There are 2 protein chains.
Amino acid sequence: MSKGTETRERIIEHAYRVATCDGLEGLSIGTLAADLRLSKSGLFAHFGSKEALQIDVLKTAATQFEQAAILPALRASRGEPRVRALFELWLAWMDRPENVGGCLLTAAAAELDDRPGAPRDFLCFTEKQHMGVLAKAARLAVSEGHFRPEVDTKQFAFEWKGIMLAYHQTARLMCDPAAPALARAAFERLLASAHSA
Amino acid sequence: MSKGTETRERIIEHAYRVATCDGLEGLSIGTLAADLRLSKSGLFAHFGSKEALQIDVLKTAATQFEQAAILPALRASRGEPRVRALFELWLAWMDRPENVGGCLLTAAAAELDDRPGAPRDFLCFTEKQHMGVLAKAARLAVSEGHFRPEVDTKQFAFEWKGIMLAYHQTARLMCDPAAPALARAAFERLLASAHSA
DNA sequence: ATCATTTCCGAACGTTCGTACTATATCAGC
DNA sequence: GCTGATATAGTACGAACGTTCGGAAATGAT
């Protein structure tokens, strides 16, 4: 790896951590440069614009999440086990040390939902993909006979997402230590309602 | 009403709209002043600091929500009818024209969850109150015999909140017109699971 | 109509913002 | 070791930021 891409990755990694706390708009070229002992212009040269940096950070967030939650969940067997694995890996992901300020994608979703532009487009695409993964996992659970055939998998994904969002808010803003238990209980209820009778 | 408080309210009302789109940190004294054809210093004098303005905007958001959703829901009879009324009023609230960029409290929750300070403290207090309202509504549904006695009302409120958050994201970021239907179906499922057998 | 108070403006402060341009280091291939 | 490319620094820019201050203008009570 050349020197350039090395520092470039150092920048993104740090910017990612900062963004989980201060949001994508909270990223500042000057502050990032000072943190990493670079000059403003030196850091800037790697991206060409702040928006490009934001997008790169978002891309990192997406691939990190996929590496940490989605891919390993595929090792669980199709159907409900994989659904459960995905849920637990997702929960674990949100408490990883690199996610100092919580899940960046979740924070960015609230931040960007009214700001048209490339970052929003990318995030929207990513979220759609992830929702597709949830729905597909549910669909496999249906075809494996774990879930009832009438289960609406898009609806399932929607409610699943709701649980994760409620967890995020309960754990981060409210600092309620009961958050994981609440989330797990909610998910069990969701699973139960999908189970074959 | 004196001239001072009149313009002050004009400022807050406009700032509230802007904040639903750009976030609390996106509020800028200069831009707000230009929008309202005031001088920066003239606007500033009404609050003394940007943080004070942010808190006033948050307070407006909280009381607006209470006026539009919580209070009118009390006119429905105790128990499940009131729970349903609260849900529908909440949904309607999020699509009101004054909430251009969605629910400010929801957006602020994501924005402030890692920024200690008075705004966060106020928001945290408000959210706790609102969650209490949801739980209490559920508790009344239990005592009225609409819900089973074993229903965990805190858990109920958590899942309810999740549905609202998922709705917010699905409707705003994803621009999915199915969002209301998804939210209503999810809520029906939640209600069904709480119903007496 | 007078006067004290409230309300607002204009100008300026020092910082920080993202970005542009130019120049100096540092590197890789020969 | 030279050379061309890559990577970083330095400096400067205009604009916007929140905030301060002194004074003008409008207001409201007497």
# chains A, B, ... in the order shown; residues from 1 in each chain; ligands from 1

$ closest_atom_pairs --of "chain D" --to "chain B" --cutoff "12 Å" --atoms "only C-alpha atoms (C1' of nucleotides)" --output "CSV"
residue,atom,partner,partner_atom,distance
D:DA16,C1',B:Gly30,CA,8.3
D:DC17,C1',B:Ser28,CA,7.9
D:DG18,C1',B:Lys50,CA,7.4
D:DT19,C1',B:Ser49,CA,8.1
D:DT20,C1',B:Ser41,CA,9.3
D:DC21,C1',B:Ser41,CA,10.4
D:DA26,C1',B:Lys3,CA,10.1
D:DT27,C1',B:Lys3,CA,8.3
D:DG28,C1',B:Ser2,CA,9.5

$ select_by_dssp --residues "segment 25-165 of chain B" --states "alpha helix (DSSP H)" --output "PyMOL selection string"
chain B and resi 29-35+40-44+50-65+71-73+80-94+104-112+118-143+153-165

$ write_last_selection --atoms "C-alpha atoms" --output "tab-separated table (two decimals), in the first residue's frame"
chain	number	residue	atom	x	y	z
B	29	ILE	CA	-27.94	33.39	13.60
B	30	GLY	CA	-26.99	35.18	10.41
B	31	THR	CA	-29.16	33.12	8.12
B	32	LEU	CA	-32.16	33.26	10.43
B	33	ALA	CA	-31.79	37.02	10.66
B	34	ALA	CA	-31.64	37.38	6.89
B	35	ASP	CA	-34.70	35.16	6.46
B	40	LYS	CA	-27.90	39.51	13.32
B	41	SER	CA	-27.44	41.42	16.54
B	42	GLY	CA	-31.12	42.25	16.75
B	43	LEU	CA	-32.05	38.61	16.55
B	44	PHE	CA	-29.24	37.57	18.83
B	50	LYS	CA	-27.15	30.20	20.23
B	51	GLU	CA	-27.59	27.44	22.76
B	52	ALA	CA	-30.44	29.33	24.41
B	53	LEU	CA	-32.12	29.62	21.03
B	54	GLN	CA	-31.70	25.91	20.46
B	55	ILE	CA	-33.29	25.14	23.79
B	56	ASP	CA	-36.20	27.46	23.07
B	57	VAL	CA	-36.71	25.71	19.76
B	58	LEU	CA	-36.65	22.34	21.50
B	59	LYS	CA	-39.19	23.58	24.03
B	60	THR	CA	-41.45	24.69	21.22
B	61	ALA	CA	-41.11	21.29	19.59
B	62	ALA	CA	-42.07	19.55	22.81
B	63	THR	CA	-45.11	21.68	23.55
B	64	GLN	CA	-46.27	21.61	19.94
B	65	PHE	CA	-46.15	17.83	20.01
B	71	LEU	CA	-53.60	16.37	24.77
B	72	PRO	CA	-56.23	15.62	22.12
B	73	ALA	CA	-55.65	11.91	22.67
B	80	GLU	CA	-57.13	0.92	23.86
B	81	PRO	CA	-59.13	3.73	22.22
B	82	ARG	CA	-56.78	6.26	23.74
B	83	VAL	CA	-53.76	4.21	22.72
B	84	ARG	CA	-55.04	4.12	19.16
B	85	ALA	CA	-55.84	7.82	19.19
B	86	LEU	CA	-52.36	8.63	20.41
B	87	PHE	CA	-50.86	6.55	17.63
B	88	GLU	CA	-52.90	8.12	14.86
B	89	LEU	CA	-52.41	11.65	16.17
B	90	TRP	CA	-48.71	11.01	16.36
B	91	LEU	CA	-48.62	9.82	12.77
B	92	ALA	CA	-50.62	12.84	11.66
B	93	TRP	CA	-48.34	15.14	13.62
B	94	MET	CA	-45.26	14.01	11.73
B	104	LEU	CA	-37.58	17.74	15.27
B	105	LEU	CA	-37.40	15.76	18.49
B	106	THR	CA	-36.54	12.63	16.56
B	107	ALA	CA	-33.88	14.40	14.54
B	108	ALA	CA	-32.47	16.07	17.62
B	109	ALA	CA	-32.30	12.75	19.43
B	110	ALA	CA	-29.85	11.48	16.84
B	111	GLU	CA	-27.98	14.76	16.73
B	112	LEU	CA	-27.55	15.35	20.44
B	118	ALA	CA	-28.30	21.75	28.27
B	119	PRO	CA	-30.05	20.97	24.96
B	120	ARG	CA	-29.36	17.29	25.34
B	121	ASP	CA	-30.48	17.32	28.95
B	122	PHE	CA	-33.75	18.96	28.03
B	123	LEU	CA	-34.38	16.59	25.15
B	124	CYS	CA	-33.58	13.60	27.32
B	125	PHE	CA	-36.05	14.79	29.94
B	126	THR	CA	-38.73	15.38	27.34
B	127	GLU	CA	-38.26	12.00	25.72
B	128	LYS	CA	-38.46	10.30	29.08
B	129	GLN	CA	-41.72	12.10	29.73
B	130	HIS	CA	-43.18	11.10	26.40
B	131	MET	CA	-42.17	7.49	26.87
B	132	GLY	CA	-43.91	7.69	30.22
B	133	VAL	CA	-47.06	8.86	28.49
B	134	LEU	CA	-46.97	5.88	26.16
B	135	ALA	CA	-46.41	3.48	29.03
B	136	LYS	CA	-49.19	5.05	31.05
B	137	ALA	CA	-51.61	4.77	28.17
B	138	ALA	CA	-50.73	1.09	27.96
B	139	ARG	CA	-51.14	0.72	31.72
B	140	LEU	CA	-54.62	2.13	31.49
B	141	ALA	CA	-55.42	-0.31	28.71
B	142	VAL	CA	-54.39	-3.06	31.07
B	143	SER	CA	-56.51	-1.78	33.93
B	153	THR	CA	-45.87	-1.50	29.57
B	154	LYS	CA	-42.29	-0.28	29.33
B	155	GLN	CA	-41.66	-2.93	26.72
B	156	PHE	CA	-44.84	-1.86	24.97
B	157	ALA	CA	-43.67	1.74	24.87
B	158	PHE	CA	-40.27	0.67	23.55
B	159	GLU	CA	-41.75	-1.24	20.65
B	160	TRP	CA	-44.20	1.53	19.95
B	161	LYS	CA	-41.36	3.99	19.75
B	162	GLY	CA	-39.53	1.67	17.40
B	163	ILE	CA	-42.47	1.70	15.03
B	164	MET	CA	-42.53	5.49	15.01
B	165	LEU	CA	-38.80	5.70	14.39

$ interface_residues --of "chain C" --to "chain A" --cutoff "10 Å" --atoms "only C-alpha atoms (C1' of nucleotides)" --output "list in words"
DT16, DC17, DG18, DT19, DA20, DT26 and DC27 of chain C

$ closest_residue --among "B:Asp176, B:Glu6, B:Leu38, B:Ala194" --to "Arg148 of chain B" --atoms "only C-alpha atoms"
B:Ala194

$ atom_distance --atom1 "atom C1' of DA12 of chain D" --atom2 "atom C1' of DC21 of chain C"
8.8 Å

$ atom_distance --atom1 "atom CA of Arg17 of chain B" --atom2 "atom CA of Val100 of chain B"
6.3 Å

$ closest_residue --among "A:Pro116, A:Gly145, A:Gly4, A:Pro177" --to "chain B" --atoms "only C-alpha atoms"
A:Pro116

$ atom_distance --atom1 "atom C1' of DC9 of chain C" --atom2 "atom CA of Ser39 of chain B"
6.4 Å

$ residues_around --residues "DG23 of chain D" --least-positions-apart "4" --cutoff "12 Å" --atoms "only C-alpha atoms (C1' of nucleotides)" --output "list in words"
DC8, DC9, DG10 and DA11 of chain C

$ closest_residue --among "B:Glu144, B:Glu9, B:Asp113, B:Glu188" --to "chain A" --atoms "only C-alpha atoms"
B:Asp113

$ closest_residue --among "C:DA1, C:DT6, C:DT24, C:DT15" --to "DA9 of chain D" --atoms "only C-alpha atoms (C1' of nucleotides)"
C:DT24
